[in-house]
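File shown: coords-v3.txt. Contents: compact mmCIF, C-alpha atoms (C1' of nucleotides).
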# COMPACT_ATOMS: atom_id res chain seq x y z
CA MET A 1 18.80 2.85 14.56
CA ALA A 2 15.36 3.67 15.82
CA ALA A 3 15.36 7.34 16.76
CA PRO A 4 17.25 10.55 17.49
CA SER A 5 20.62 8.96 17.90
CA GLY A 6 23.79 10.90 18.37
CA PRO A 7 23.85 13.83 20.73
CA VAL A 8 23.08 17.24 19.34
CA ALA A 9 25.89 19.74 19.61
CA ALA A 10 28.16 20.33 22.53
CA SER A 11 25.34 21.71 24.65
CA THR A 12 25.10 21.49 28.39
CA ASP A 13 25.31 18.63 30.80
CA ALA A 14 21.53 18.64 31.32
CA GLU A 15 20.97 18.49 27.57
CA ARG A 16 23.29 15.54 27.25
CA ALA A 17 21.49 13.74 30.06
CA MET A 18 18.17 14.37 28.34
CA PHE A 19 19.47 13.04 25.10
CA ASP A 20 20.95 9.92 26.65
CA PHE A 21 17.73 9.21 28.45
CA VAL A 22 15.55 9.68 25.37
CA ASP A 23 17.88 7.55 23.29
CA ALA A 24 17.82 4.72 25.84
CA TYR A 25 14.05 4.94 26.15
CA ASP A 26 13.53 4.70 22.41
CA ARG A 27 15.88 1.79 22.04
CA ALA A 28 14.23 -0.10 24.88
CA TYR A 29 10.80 0.48 23.42
CA GLU A 30 11.81 -0.79 20.02
CA THR A 31 13.58 -3.81 21.47
CA ALA A 32 10.54 -4.76 23.54
CA ALA A 33 8.25 -4.37 20.53
CA LEU A 34 10.46 -6.42 18.23
CA GLY A 35 10.64 -9.09 20.91
CA HIS A 36 6.93 -9.62 20.36
CA GLY A 37 7.01 -9.38 16.59
CA LEU A 38 5.68 -5.83 16.58
CA SER A 39 7.13 -2.76 14.94
CA VAL A 40 7.21 0.43 16.96
CA ALA A 41 4.28 1.77 14.96
CA GLN A 42 2.26 -1.40 15.47
CA ALA A 43 2.89 -1.34 19.21
CA CYS A 44 1.81 2.29 19.37
CA VAL A 45 -1.41 1.53 17.55
CA LEU A 46 -2.18 -1.56 19.60
CA GLY A 47 -1.62 0.48 22.71
CA ARG A 48 -4.30 2.96 21.72
CA LEU A 49 -6.97 0.34 21.37
CA THR A 50 -8.13 0.14 24.93
CA ARG A 51 -11.48 1.43 23.70
CA GLN A 52 -13.23 1.31 20.36
CA ILE A 53 -11.86 3.99 18.15
CA GLY A 54 -12.17 5.07 14.53
CA MET A 55 -9.35 5.23 12.00
CA ARG A 56 -9.58 9.00 11.74
CA GLU A 57 -9.29 9.41 15.47
CA LEU A 58 -6.29 7.09 15.56
CA ALA A 59 -4.59 9.02 12.79
CA ASP A 60 -5.12 12.28 14.63
CA GLU A 61 -3.81 10.93 17.92
CA LEU A 62 -0.73 9.50 16.26
CA ASN A 63 -0.25 12.56 14.17
CA CYS A 64 -0.10 10.82 10.83
CA ASP A 65 -1.98 10.29 7.62
CA ALA A 66 -5.14 8.18 7.60
CA SER A 67 -3.76 6.00 4.82
CA ASN A 68 -0.86 5.15 7.08
CA ILE A 69 -3.27 3.82 9.68
CA THR A 70 -5.10 1.83 7.02
CA GLN A 71 -2.03 -0.22 6.23
CA ILE A 72 -0.92 -0.69 9.83
CA ILE A 73 -4.38 -1.86 10.85
CA SER A 74 -4.49 -4.15 7.82
CA ARG A 75 -1.30 -5.86 8.94
CA LEU A 76 -2.52 -6.21 12.49
CA GLU A 77 -5.85 -7.53 11.25
CA ALA A 78 -4.10 -10.09 9.06
CA ARG A 79 -2.56 -11.43 12.26
CA ASP A 80 -5.89 -11.37 14.07
CA LEU A 81 -4.70 -8.89 16.63
CA VAL A 82 -7.31 -6.38 15.68
CA HIS A 83 -10.72 -6.28 14.10
CA ARG A 84 -12.57 -3.75 11.96
CA ARG A 85 -16.27 -3.43 12.63
CA PRO A 86 -18.77 -1.09 11.01
CA HIS A 87 -19.73 2.01 12.91
CA PRO A 88 -23.37 1.63 13.97
CA GLY A 89 -24.41 5.18 13.13
CA ASP A 90 -22.01 6.11 10.33
CA GLY A 91 -21.52 3.95 7.28
CA ARG A 92 -18.24 5.62 6.36
CA SER A 93 -16.52 4.87 9.60
CA ARG A 94 -15.03 1.68 11.06
CA GLN A 95 -14.45 0.94 14.68
CA ILE A 96 -11.21 -0.78 15.50
CA VAL A 97 -11.05 -3.18 18.41
CA ARG A 98 -8.34 -5.43 19.73
CA THR A 99 -9.06 -9.11 19.60
CA SER A 100 -8.28 -11.11 22.70
CA ASP A 101 -5.05 -12.19 20.97
CA GLY A 102 -4.22 -8.55 20.41
CA ALA A 103 -4.90 -7.66 24.01
CA ALA A 104 -2.81 -10.57 25.25
CA LEU A 105 0.09 -9.72 22.96
CA TYR A 106 0.04 -6.10 24.00
CA ALA A 107 -0.06 -7.04 27.66
CA ALA A 108 2.99 -9.24 27.11
CA PHE A 109 4.74 -6.41 25.31
CA GLU A 110 4.02 -4.00 28.14
CA GLU A 111 5.20 -6.51 30.67
CA SER A 112 8.49 -6.84 28.81
CA PHE A 113 8.97 -3.10 28.42
CA GLU A 114 10.54 -2.60 31.75
CA PHE A 115 12.52 0.52 30.99
CA ALA A 116 10.23 3.04 32.67
CA ARG A 117 9.57 0.72 35.58
CA SER A 118 13.25 0.01 36.13
CA ALA A 119 14.09 3.67 35.78
CA THR A 120 11.63 4.77 38.43
CA ALA A 121 12.41 1.79 40.62
CA ASN A 122 15.92 3.14 40.98
CA LEU A 123 14.59 6.35 42.50
CA SER A 124 13.05 7.00 45.89
CA ALA A 125 9.45 8.15 46.01
CA ARG A 126 10.67 11.66 46.68
CA GLU A 127 13.06 11.57 43.74
CA GLN A 128 10.37 10.23 41.46
CA ALA A 129 8.13 13.13 42.33
CA GLN A 130 11.00 15.55 41.79
CA LEU A 131 11.85 14.06 38.42
CA ALA A 132 8.26 14.20 37.24
CA THR A 133 8.02 17.82 38.31
CA LEU A 134 11.25 18.81 36.61
CA LEU A 135 10.39 17.00 33.39
CA ARG A 136 7.03 18.71 33.22
CA LYS A 137 8.53 22.09 33.97
CA ALA A 138 11.20 21.55 31.31
CA LEU A 139 8.54 20.46 28.85
CA ASN A 140 6.53 23.59 29.50
CA GLY A 141 9.46 25.65 28.30
CA THR A 142 9.27 24.06 24.88
CA ARG A 143 5.81 25.16 23.87
CA GLU A 144 4.13 28.49 23.48
CA PRO A 145 1.18 28.63 25.83
CA ASN A 146 -1.12 27.81 22.93
CA SER A 147 -4.91 27.79 22.81
CA MET B 1 4.27 9.10 13.83
CA ALA B 2 7.95 9.07 14.51
CA ALA B 3 8.51 7.17 17.74
CA PRO B 4 7.14 5.51 20.87
CA SER B 5 3.82 7.27 20.76
CA GLY B 6 1.01 6.45 23.10
CA PRO B 7 1.72 6.00 26.77
CA VAL B 8 2.47 2.55 27.99
CA ALA B 9 0.03 1.21 30.55
CA ALA B 10 -1.46 3.03 33.47
CA SER B 11 1.87 3.17 35.29
CA THR B 12 2.94 5.88 37.70
CA ASP B 13 3.02 9.62 37.44
CA ALA B 14 6.79 9.61 36.95
CA GLU B 15 6.47 7.08 34.15
CA ARG B 16 3.89 9.21 32.41
CA ALA B 17 6.09 12.28 32.71
CA MET B 18 8.99 10.32 31.21
CA PHE B 19 6.87 9.18 28.35
CA ASP B 20 5.51 12.63 27.60
CA PHE B 21 8.98 14.07 27.63
CA VAL B 22 10.42 11.42 25.34
CA ASP B 23 7.51 11.72 22.97
CA ALA B 24 7.88 15.49 22.75
CA TYR B 25 11.63 15.22 22.27
CA ASP B 26 11.27 12.75 19.42
CA ARG B 27 8.64 14.80 17.68
CA ALA B 28 10.68 17.97 17.97
CA TYR B 29 13.74 16.23 16.59
CA GLU B 30 11.89 14.91 13.61
CA THR B 31 10.20 18.21 12.90
CA ALA B 32 13.52 20.05 13.00
CA ALA B 33 15.12 17.50 10.68
CA LEU B 34 12.26 17.57 8.17
CA GLY B 35 12.44 21.34 8.22
CA HIS B 36 15.86 21.03 6.65
CA GLY B 37 14.99 18.26 4.23
CA LEU B 38 16.59 15.59 6.38
CA SER B 39 15.12 12.38 7.68
CA VAL B 40 15.79 11.50 11.31
CA ALA B 41 18.32 8.89 10.19
CA GLN B 42 20.09 11.34 7.93
CA ALA B 43 20.29 13.96 10.68
CA CYS B 44 21.74 11.37 13.07
CA VAL B 45 24.39 10.38 10.58
CA LEU B 46 25.30 13.95 9.67
CA GLY B 47 25.62 14.70 13.37
CA ARG B 48 28.27 12.04 13.81
CA LEU B 49 30.52 13.44 11.16
CA THR B 50 32.43 15.94 13.22
CA ARG B 51 35.51 13.88 12.52
CA GLN B 52 36.49 11.51 9.76
CA ILE B 53 34.91 8.19 10.38
CA GLY B 54 34.53 4.87 8.61
CA MET B 55 31.28 3.24 7.58
CA ARG B 56 31.80 0.35 9.96
CA GLU B 57 32.37 2.65 12.88
CA LEU B 58 29.25 4.63 12.00
CA ALA B 59 27.17 1.48 11.80
CA ASP B 60 28.40 0.37 15.21
CA GLU B 61 27.71 3.73 16.81
CA LEU B 62 24.22 3.86 15.38
CA ASN B 63 23.61 0.26 16.16
CA CYS B 64 22.61 -0.81 12.69
CA ASP B 65 23.73 -2.78 9.70
CA ALA B 66 26.54 -1.53 7.48
CA SER B 67 24.37 -1.79 4.39
CA ASN B 68 21.95 0.60 6.01
CA ILE B 69 24.71 3.16 6.36
CA THR B 70 25.73 2.60 2.75
CA GLN B 71 22.38 3.79 1.46
CA ILE B 72 22.03 6.69 3.86
CA ILE B 73 25.50 7.94 2.99
CA SER B 74 24.74 7.48 -0.70
CA ARG B 75 21.70 9.74 -0.41
CA LEU B 76 23.64 12.34 1.53
CA GLU B 77 26.47 12.14 -0.98
CA ALA B 78 24.06 12.61 -3.87
CA ARG B 79 23.13 15.92 -2.27
CA ASP B 80 26.78 16.83 -1.71
CA LEU B 81 26.40 16.94 2.03
CA VAL B 82 28.99 14.27 2.54
CA HIS B 83 31.98 12.82 0.78
CA ARG B 84 33.55 9.38 0.63
CA ARG B 85 37.32 9.28 0.51
CA PRO B 86 39.62 6.27 0.48
CA HIS B 87 41.25 5.29 3.74
CA PRO B 88 44.97 5.98 3.40
CA GLY B 89 46.12 2.77 5.07
CA ASP B 90 43.26 0.37 4.31
CA GLY B 91 41.95 -0.14 0.81
CA ARG B 92 38.69 -1.68 2.02
CA SER B 93 37.65 1.23 4.12
CA ARG B 94 36.23 4.64 3.22
CA GLN B 95 36.40 7.72 5.35
CA ILE B 96 33.26 9.81 5.42
CA VAL B 97 33.52 13.55 5.79
CA ARG B 98 30.95 16.30 5.73
CA THR B 99 31.27 18.77 2.93
CA SER B 100 31.00 22.43 3.86
CA ASP B 101 27.41 22.28 2.64
CA GLY B 102 26.81 19.36 4.96
CA ALA B 103 28.34 21.16 7.90
CA ALA B 104 26.30 24.27 7.19
CA LEU B 105 23.07 22.33 6.85
CA TYR B 106 23.69 20.45 10.05
CA ALA B 107 24.50 23.65 11.90
CA ALA B 108 21.21 25.11 10.68
CA PHE B 109 19.38 21.99 11.79
CA GLU B 110 20.94 22.15 15.24
CA GLU B 111 20.10 25.80 15.50
CA SER B 112 16.47 25.02 14.73
CA PHE B 113 16.27 22.10 17.14
CA GLU B 114 15.56 24.18 20.15
CA PHE B 115 13.79 21.58 22.22
CA ALA B 116 16.62 20.73 24.59
CA ARG B 117 17.69 24.34 24.84
CA SER B 118 14.17 25.55 25.59
CA ALA B 119 13.64 22.76 28.05
CA THR B 120 16.74 23.56 30.07
CA ALA B 121 16.18 27.29 29.71
CA ASN B 122 13.01 26.89 31.69
CA LEU B 123 14.95 25.51 34.64
CA SER B 124 17.29 27.24 37.08
CA ALA B 125 20.91 26.15 37.14
CA ARG B 126 20.20 24.21 40.29
CA GLU B 127 17.20 22.47 38.74
CA GLN B 128 19.16 21.62 35.64
CA ALA B 129 21.79 19.91 37.72
CA GLN B 130 19.13 18.08 39.67
CA LEU B 131 17.39 16.91 36.53
CA ALA B 132 20.61 15.66 34.99
CA THR B 133 21.43 13.77 38.17
CA LEU B 134 17.99 12.19 38.41
CA LEU B 135 17.92 11.19 34.74
CA ARG B 136 21.31 9.53 35.05
CA LYS B 137 20.32 7.76 38.22
CA ALA B 138 17.09 6.56 36.64
CA LEU B 139 19.01 5.41 33.60
CA ASN B 140 21.39 3.41 35.76
CA GLY B 141 18.46 1.39 37.01
CA THR B 142 17.72 0.16 33.54
CA ARG B 143 20.95 -1.65 32.82
CA GLU B 144 22.82 -4.42 34.49
CA PRO B 145 26.17 -3.04 35.63
CA ASN B 146 27.80 -4.57 32.57
CA SER B 147 31.53 -4.71 31.79
C1' DC C 1 -36.48 15.42 -2.86
C1' DG C 2 -31.79 16.34 -4.89
C1' DT C 3 -27.59 17.83 -5.30
C1' DA C 4 -22.94 20.12 -3.51
C1' DG C 5 -19.63 19.64 -0.43
C1' DA C 6 -17.57 17.57 3.53
C1' DT C 7 -15.92 13.37 5.79
C1' DA C 8 -14.01 8.39 6.47
C1' DC C 9 -11.67 5.23 4.57
C1' DT C 10 -9.03 2.72 0.74
C1' DT C 11 -5.86 2.25 -3.10
C1' DG C 12 -1.77 2.94 -5.70
C1' DA C 13 2.53 5.15 -6.47
C1' DC C 14 6.52 6.63 -4.49
C1' DC C 15 10.51 7.41 -1.15
C1' DC C 16 13.13 6.16 2.76
C1' DA C 17 14.82 3.00 6.60
C1' DA C 18 16.05 -1.42 7.89
C1' DT C 19 17.36 -6.31 7.46
C1' DT C 20 19.15 -10.32 5.00
C1' DA C 21 21.94 -12.75 1.79
C1' DA C 22 25.49 -12.53 -1.70
C1' DG C 23 29.22 -10.63 -3.80
C1' DT C 24 33.87 -7.96 -4.37
C1' DA C 25 38.05 -6.14 -2.75
C1' DT C 26 41.40 -5.93 0.57
C1' DC C 27 43.84 -7.16 4.61
C1' DT C 28 45.99 -10.50 8.18
C1' DA C 29 48.14 -14.54 9.67
C1' DC C 30 50.05 -18.79 9.26
C1' DG D 1 50.49 -17.76 -0.96
C1' DT D 2 46.43 -19.08 0.49
C1' DA D 3 42.41 -19.25 4.18
C1' DG D 4 39.74 -16.54 6.64
C1' DA D 5 38.40 -12.19 8.42
C1' DT D 6 37.00 -7.47 7.45
C1' DA D 7 34.86 -3.25 4.96
C1' DC D 8 31.91 -2.10 1.96
C1' DT D 9 28.31 -2.68 -1.87
C1' DT D 10 24.29 -4.60 -4.22
C1' DA D 11 19.81 -6.53 -4.68
C1' DA D 12 15.65 -8.12 -2.77
C1' DT D 13 12.14 -7.71 0.59
C1' DT D 14 9.41 -5.64 4.38
C1' DG D 15 7.42 -1.85 6.69
C1' DG D 16 6.51 3.22 7.68
C1' DG D 17 5.19 7.49 5.84
C1' DT D 18 3.22 10.86 2.49
C1' DC D 19 0.53 12.32 -1.46
C1' DA D 20 -3.04 12.17 -4.91
C1' DA D 21 -7.21 9.92 -6.43
C1' DG D 22 -11.13 7.39 -5.87
C1' DT D 23 -15.52 5.41 -3.50
C1' DA D 24 -19.08 5.51 -0.22
C1' DT D 25 -21.58 7.91 2.99
C1' DC D 26 -23.24 11.77 5.44
C1' DT D 27 -24.88 16.78 5.99
C1' DA D 28 -26.84 20.94 4.59
C1' DC D 29 -29.45 23.65 2.03
C1' DG D 30 -32.35 25.08 -1.63

Could you spell out this file's structure in C-alpha cells?
Amino acid sequence: MAAPSGPVAASTDAERAMFDFVDAYDRAYETAALGHGLSVAQACVLGRLTRQIGMRELADELNCDASNITQIISRLEARDLVHRRPHPGDGRSRQIVRTSDGAALYAAFEESFEFARSATANLSAREQAQLATLLRKALNGTREPNS
Amino acid sequence: MAAPSGPVAASTDAERAMFDFVDAYDRAYETAALGHGLSVAQACVLGRLTRQIGMRELADELNCDASNITQIISRLEARDLVHRRPHPGDGRSRQIVRTSDGAALYAAFEESFEFARSATANLSAREQAQLATLLRKALNGTREPNS
DNA sequence: CGTAGATACTTGACCCAATTAAGTATCTAC
DNA sequence: GTAGATACTTAATTGGGTCAAGTATCTACG
C-alpha cells in the first residue's frame, strides 16, 4: 500500500492532481527501494549518510524516535551497508557512516528511482521552473510563518 | 518517519521542489490520520468506503494482498467503524460498509486534513489550473503509454 | 572532587502493516 | 458432480514505529 492512497474527498481538480502525483511518487520510491532489497525507511536512512552523522541527529531529521533509528541502523549494519564508529569527543555518541557497499547500493537505488527525472524530463525548462515555483508557493500556504 | 523522507540525490531544482512537496503532503496526511486515532492504512481504507465494496476489490485498488485488508478491516470493525455483510449473490464475498461512526470519523479526518486545501488556497484560480496541468504532464512522463 | 541532571544510545515490550503459505467455503464450467 | 478458480481467513514472520526503562557518559555547580 505504501502511503496516502485513495483521494481525499471530492475536492478540486488541482487537489486531485496533487494527490495523484504524490501517490505515484510514493509508489515509485517504494518500488525502487524494494528492487534493491531496501525498505523505504532503510533507503531514507542510507540517503542521509553522505556525511558522518550521529543517531540523535538522524532521528531528528527523520522525525522519529531514536530507538527506531537504532534498529534500522542495526539491520543495515548487519548487511555491512553501514558502520557505527565511536564519536571522538563524546563517549555516548556514535557516528554512522556508509560502507563502500552501502554507498554503491544507494547509488544503484538512486539510479533506478527515475520517477523525478522522468517527470521533469517531460517538461520544458520553462515548465520545470514554473512547476517548482508553483509547488513552493502552494507549500507556503500550508504552514504558518513559524519562527 | 512516514514516507520517502530525505531528498534523493543532488538533482535539479524542480526535483527538489517535488520531493519537498511530496514529503510535506505525506507528513500532513499521517498527522491528520493519527489525530483521529487512525493509521495511514486505516484512513486510506475508510476513504474508499463511500460505496459498498468487496475485500478483493479493496485489495486491488490499494495494491496489496487480500490478507492485509482482512486485518485492517478487522481492526476497523472492532471499533465499529466498518461492517462486514454477506454478498447477496456470492457466498464467498463480503461487502464492506462504513458505519455511521465510521463515516463521521472519516469526515472529521478529512476536515482536519487541510494540506491540499491550504496549498491550493494559496494559488489563484489560474495558477491552480496551471499546477494541475503541469503535474499531470509530469506524471505522464513517468509511465509508458500502457494499454 | 562529587554528585544531580541532562544527553546518547540500547533494550524489551507492544501494536500495526505487509507478505507468504495454507486452509475453508463457495462458485463456475465442463 | 467434480476440477479448478475465486474470496476470504488464519498463522507465522519481518519490519517500522512508539513507549518506558536502563546504562554510560557528559556537564554544571556547589

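If you take all atoms listed in the file and a cut-off of 10 Å, the residues of chain D that reach chain B are DT6, DA7, DC8, DT9, DT10, DG16 and DG17 of chain D.
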
List as JSON lines every residue of chain C that is in contact with chain B, defined as an atom at most 12 Å from one of its atoms (using all atoms listed in the file), together with the nearest atom pair and the distance in Å rounded to one decimal, sorted by chain and then rising number.
{"residue": "C:DC15", "atom": "C1'", "partner": "B:Ser39", "partner_atom": "CA", "distance": 11.1}
{"residue": "C:DC16", "atom": "C1'", "partner": "B:Ser39", "partner_atom": "CA", "distance": 8.2}
{"residue": "C:DA17", "atom": "C1'", "partner": "B:Asn68", "partner_atom": "CA", "distance": 7.5}
{"residue": "C:DA18", "atom": "C1'", "partner": "B:Asn68", "partner_atom": "CA", "distance": 6.5}
{"residue": "C:DT19", "atom": "C1'", "partner": "B:Asp65", "partner_atom": "CA", "distance": 7.6}
{"residue": "C:DT20", "atom": "C1'", "partner": "B:Asp65", "partner_atom": "CA", "distance": 10.0}
{"residue": "C:DA21", "atom": "C1'", "partner": "B:Ser67", "partner_atom": "CA", "distance": 11.5}
{"residue": "C:DT24", "atom": "C1'", "partner": "B:Arg92", "partner_atom": "CA", "distance": 10.2}
{"residue": "C:DA25", "atom": "C1'", "partner": "B:Arg92", "partner_atom": "CA", "distance": 6.6}
{"residue": "C:DT26", "atom": "C1'", "partner": "B:Arg92", "partner_atom": "CA", "distance": 5.2}
{"residue": "C:DC27", "atom": "C1'", "partner": "B:Asp90", "partner_atom": "CA", "distance": 7.6}
{"residue": "C:DT28", "atom": "C1'", "partner": "B:Asp90", "partner_atom": "CA", "distance": 11.9}

Please save C-alpha atoms (C1' of nucleotides) of the selected residues as a short mmCIF file (atom, residue, chain, number, x, y, z; two decimals), in the coordinates of the input.
data_model
loop_
_atom_site.label_atom_id
_atom_site.label_comp_id
_atom_site.auth_asym_id
_atom_site.auth_seq_id
_atom_site.Cartn_x
_atom_site.Cartn_y
_atom_site.Cartn_z
"C1'" DC C 15 10.51 7.41 -1.15
"C1'" DC C 16 13.13 6.16 2.76
"C1'" DA C 17 14.82 3.00 6.60
"C1'" DA C 18 16.05 -1.42 7.89
"C1'" DT C 19 17.36 -6.31 7.46
"C1'" DT C 20 19.15 -10.32 5.00
"C1'" DA C 21 21.94 -12.75 1.79
"C1'" DT C 24 33.87 -7.96 -4.37
"C1'" DA C 25 38.05 -6.14 -2.75
"C1'" DT C 26 41.40 -5.93 0.57
"C1'" DC C 27 43.84 -7.16 4.61
"C1'" DT C 28 45.99 -10.50 8.18
#

Put chain B on top of chain A with a least-squares fit on all C-alpha atoms, paired in order, and send it back as a short mmCIF file (atom, residue, chain, number, x, y, z; two decimals) with C-alpha atoms, in the frame of the given file.
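Written file, result23.cif:
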data_model
loop_
_atom_site.label_atom_id
_atom_site.label_comp_id
_atom_site.auth_asym_id
_atom_site.auth_seq_id
_atom_site.Cartn_x
_atom_site.Cartn_y
_atom_site.Cartn_z
CA MET B 1 18.78 2.81 14.48
CA ALA B 2 15.35 3.65 15.73
CA ALA B 3 15.36 7.29 16.77
CA PRO B 4 17.24 10.51 17.48
CA SER B 5 20.60 8.86 17.89
CA GLY B 6 23.77 10.80 18.32
CA PRO B 7 23.86 13.73 20.69
CA VAL B 8 23.10 17.11 19.31
CA ALA B 9 25.93 19.61 19.62
CA ALA B 10 28.18 20.18 22.56
CA SER B 11 25.36 21.65 24.64
CA THR B 12 25.09 21.47 28.41
CA ASP B 13 25.28 18.61 30.83
CA ALA B 14 21.51 18.63 31.31
CA GLU B 15 20.98 18.49 27.56
CA ARG B 16 23.28 15.52 27.27
CA ALA B 17 21.48 13.73 30.08
CA MET B 18 18.16 14.37 28.33
CA PHE B 19 19.49 13.02 25.11
CA ASP B 20 20.94 9.90 26.68
CA PHE B 21 17.70 9.21 28.45
CA VAL B 22 15.56 9.66 25.36
CA ASP B 23 17.89 7.54 23.30
CA ALA B 24 17.81 4.72 25.83
CA TYR B 25 14.04 4.93 26.14
CA ASP B 26 13.54 4.70 22.39
CA ARG B 27 15.88 1.79 22.03
CA ALA B 28 14.24 -0.10 24.87
CA TYR B 29 10.81 0.49 23.38
CA GLU B 30 11.83 -0.80 20.01
CA THR B 31 13.60 -3.81 21.43
CA ALA B 32 10.56 -4.75 23.50
CA ALA B 33 8.27 -4.37 20.49
CA LEU B 34 10.50 -6.42 18.18
CA GLY B 35 10.66 -9.08 20.86
CA HIS B 36 6.96 -9.62 20.32
CA GLY B 37 7.03 -9.38 16.55
CA LEU B 38 5.72 -5.83 16.53
CA SER B 39 7.16 -2.77 14.89
CA VAL B 40 7.24 0.43 16.93
CA ALA B 41 4.31 1.77 14.91
CA GLN B 42 2.30 -1.38 15.43
CA ALA B 43 2.94 -1.35 19.18
CA CYS B 44 1.84 2.30 19.35
CA VAL B 45 -1.37 1.54 17.54
CA LEU B 46 -2.15 -1.57 19.58
CA GLY B 47 -1.57 0.48 22.71
CA ARG B 48 -4.28 2.94 21.76
CA LEU B 49 -6.93 0.31 21.39
CA THR B 50 -8.11 0.12 24.96
CA ARG B 51 -11.44 1.41 23.73
CA GLN B 52 -13.21 1.29 20.40
CA ILE B 53 -11.82 3.96 18.19
CA GLY B 54 -12.13 5.08 14.59
CA MET B 55 -9.35 5.24 12.05
CA ARG B 56 -9.57 9.00 11.80
CA GLU B 57 -9.28 9.42 15.53
CA LEU B 58 -6.27 7.10 15.61
CA ALA B 59 -4.57 9.03 12.84
CA ASP B 60 -5.11 12.29 14.69
CA GLU B 61 -3.79 10.92 17.96
CA LEU B 62 -0.71 9.51 16.30
CA ASN B 63 -0.25 12.58 14.22
CA CYS B 64 -0.14 10.86 10.87
CA ASP B 65 -2.07 10.31 7.69
CA ALA B 66 -5.18 8.15 7.64
CA SER B 67 -3.78 6.00 4.86
CA ASN B 68 -0.86 5.17 7.10
CA ILE B 69 -3.25 3.84 9.71
CA THR B 70 -5.09 1.84 7.06
CA GLN B 71 -2.02 -0.22 6.26
CA ILE B 72 -0.89 -0.67 9.84
CA ILE B 73 -4.35 -1.85 10.87
CA SER B 74 -4.47 -4.13 7.84
CA ARG B 75 -1.26 -5.84 8.93
CA LEU B 76 -2.48 -6.19 12.49
CA GLU B 77 -5.81 -7.51 11.25
CA ALA B 78 -4.07 -10.07 9.05
CA ARG B 79 -2.52 -11.43 12.24
CA ASP B 80 -5.86 -11.35 14.05
CA LEU B 81 -4.65 -8.88 16.62
CA VAL B 82 -7.29 -6.37 15.69
CA HIS B 83 -10.71 -6.27 14.14
CA ARG B 84 -12.56 -3.75 12.00
CA ARG B 85 -16.26 -3.41 12.67
CA PRO B 86 -18.76 -1.06 11.08
CA HIS B 87 -19.71 2.05 13.00
CA PRO B 88 -23.33 1.67 14.06
CA GLY B 89 -24.36 5.23 13.25
CA ASP B 90 -21.96 6.16 10.44
CA GLY B 91 -21.51 3.99 7.39
CA ARG B 92 -18.21 5.62 6.44
CA SER B 93 -16.48 4.89 9.67
CA ARG B 94 -15.00 1.69 11.10
CA GLN B 95 -14.43 0.96 14.73
CA ILE B 96 -11.18 -0.78 15.53
CA VAL B 97 -11.03 -3.19 18.43
CA ARG B 98 -8.31 -5.44 19.72
CA THR B 99 -9.03 -9.12 19.57
CA SER B 100 -8.24 -11.13 22.68
CA ASP B 101 -5.04 -12.20 20.95
CA GLY B 102 -4.19 -8.56 20.40
CA ALA B 103 -4.87 -7.68 24.00
CA ALA B 104 -2.78 -10.59 25.22
CA LEU B 105 0.12 -9.74 22.93
CA TYR B 106 0.06 -6.12 23.98
CA ALA B 107 -0.03 -7.07 27.64
CA ALA B 108 3.02 -9.26 27.09
CA PHE B 109 4.77 -6.43 25.29
CA GLU B 110 4.03 -4.02 28.12
CA GLU B 111 5.22 -6.54 30.64
CA SER B 112 8.51 -6.85 28.77
CA PHE B 113 8.99 -3.11 28.37
CA GLU B 114 10.53 -2.59 31.73
CA PHE B 115 12.48 0.54 30.97
CA ALA B 116 10.18 3.05 32.63
CA ARG B 117 9.51 0.73 35.54
CA SER B 118 13.20 0.05 36.12
CA ALA B 119 14.02 3.70 35.77
CA THR B 120 11.53 4.81 38.39
CA ALA B 121 12.32 1.83 40.60
CA ASN B 122 15.80 3.19 40.99
CA LEU B 123 14.45 6.39 42.49
CA SER B 124 12.87 7.06 45.88
CA ALA B 125 9.27 8.22 45.97
CA ARG B 126 10.50 11.72 46.64
CA GLU B 127 12.91 11.62 43.71
CA GLN B 128 10.25 10.27 41.42
CA ALA B 129 8.01 13.18 42.25
CA GLN B 130 10.87 15.59 41.74
CA LEU B 131 11.76 14.10 38.39
CA ALA B 132 8.18 14.24 37.17
CA THR B 133 7.93 17.86 38.23
CA LEU B 134 11.18 18.84 36.55
CA LEU B 135 10.35 17.02 33.32
CA ARG B 136 6.98 18.74 33.13
CA LYS B 137 8.49 22.11 33.87
CA ALA B 138 11.18 21.58 31.25
CA LEU B 139 8.54 20.48 28.78
CA ASN B 140 6.53 23.63 29.41
CA GLY B 141 9.48 25.67 28.23
CA THR B 142 9.32 24.09 24.83
CA ARG B 143 5.87 25.19 23.79
CA GLU B 144 4.18 28.51 23.44
CA PRO B 145 1.30 28.62 25.91
CA ASN B 146 -1.09 27.76 23.10
CA SER B 147 -4.90 27.67 23.28
#

With distances taken over all atoms listed in the file, the candidate from B:Ala17, B:Glu114, B:Ser11, B:Thr50 nearest Leu134 of chain A is B:Ala17

What are the residues of chain B lining chain A at 8 Å or less? Count all atoms listed in the file, and put the answer as a PyMOL selection string. chain B and resi 1-9+13-15+17-18+21-22+24-26+29-30+40-41+44-45+47-48+62-64+110+114-123+127-129+131-132+134-142

Can you tell me how far atom CA of Val97 of chain B sits from atom CA of Leu76 of chain B, in Å to one decimal? 10.8 Å

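For the pair atom CA of Leu38 of chain B and atom CA of Thr99 of chain B, the interatomic distance is 15.4 Å.
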
Between atom CA of Ser112 of chain B and atom CA of His83 of chain B, what distance in Å does the model show, to one decimal?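 The value is 24.2 Å.
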
Neighbouring residues of DA13 of chain C were defined as those with any atom within 12 Å, considering only C-alpha atoms (C1' of nucleotides); residues of the same chain fewer than 6 positions away were excluded. Please report them as a list in words.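 Counting only the stated atoms, we get DT18, DC19, DA20 and DA21 of chain D.
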
Quick one: residues within 12 Å of segment 25-29 of chain D, all atoms listed in the file, excluding same-chain residues fewer than 2 positions away - as a list in words?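 My list of contacting residues is His87, Gly89, Asp90, Gly91, Arg92 and Ser93 of chain A; DC1, DG2, DT3, DA4, DG5, DA6, DT7, DA8 and DC9 of chain C; DT23 of chain D.
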
Emit as JSON the padded axis-aligned box for all listed atoms of segment 12-27 of chain C, 4 Å per side, with centre and edge lengths in Å to one decimal.
{"center_x": 21.0, "center_y": -2.7, "center_z": 0.7, "size_x": 53.6, "size_y": 28.2, "size_z": 22.4}

Near Leu49 of chain A, within 9 Å and counting only C-alpha atoms (C1' of nucleotides), which residues show up once chain neighbours fewer than 5 positions away are dropped, as number ranges by chain? A: 58, 82, 96-98, 103
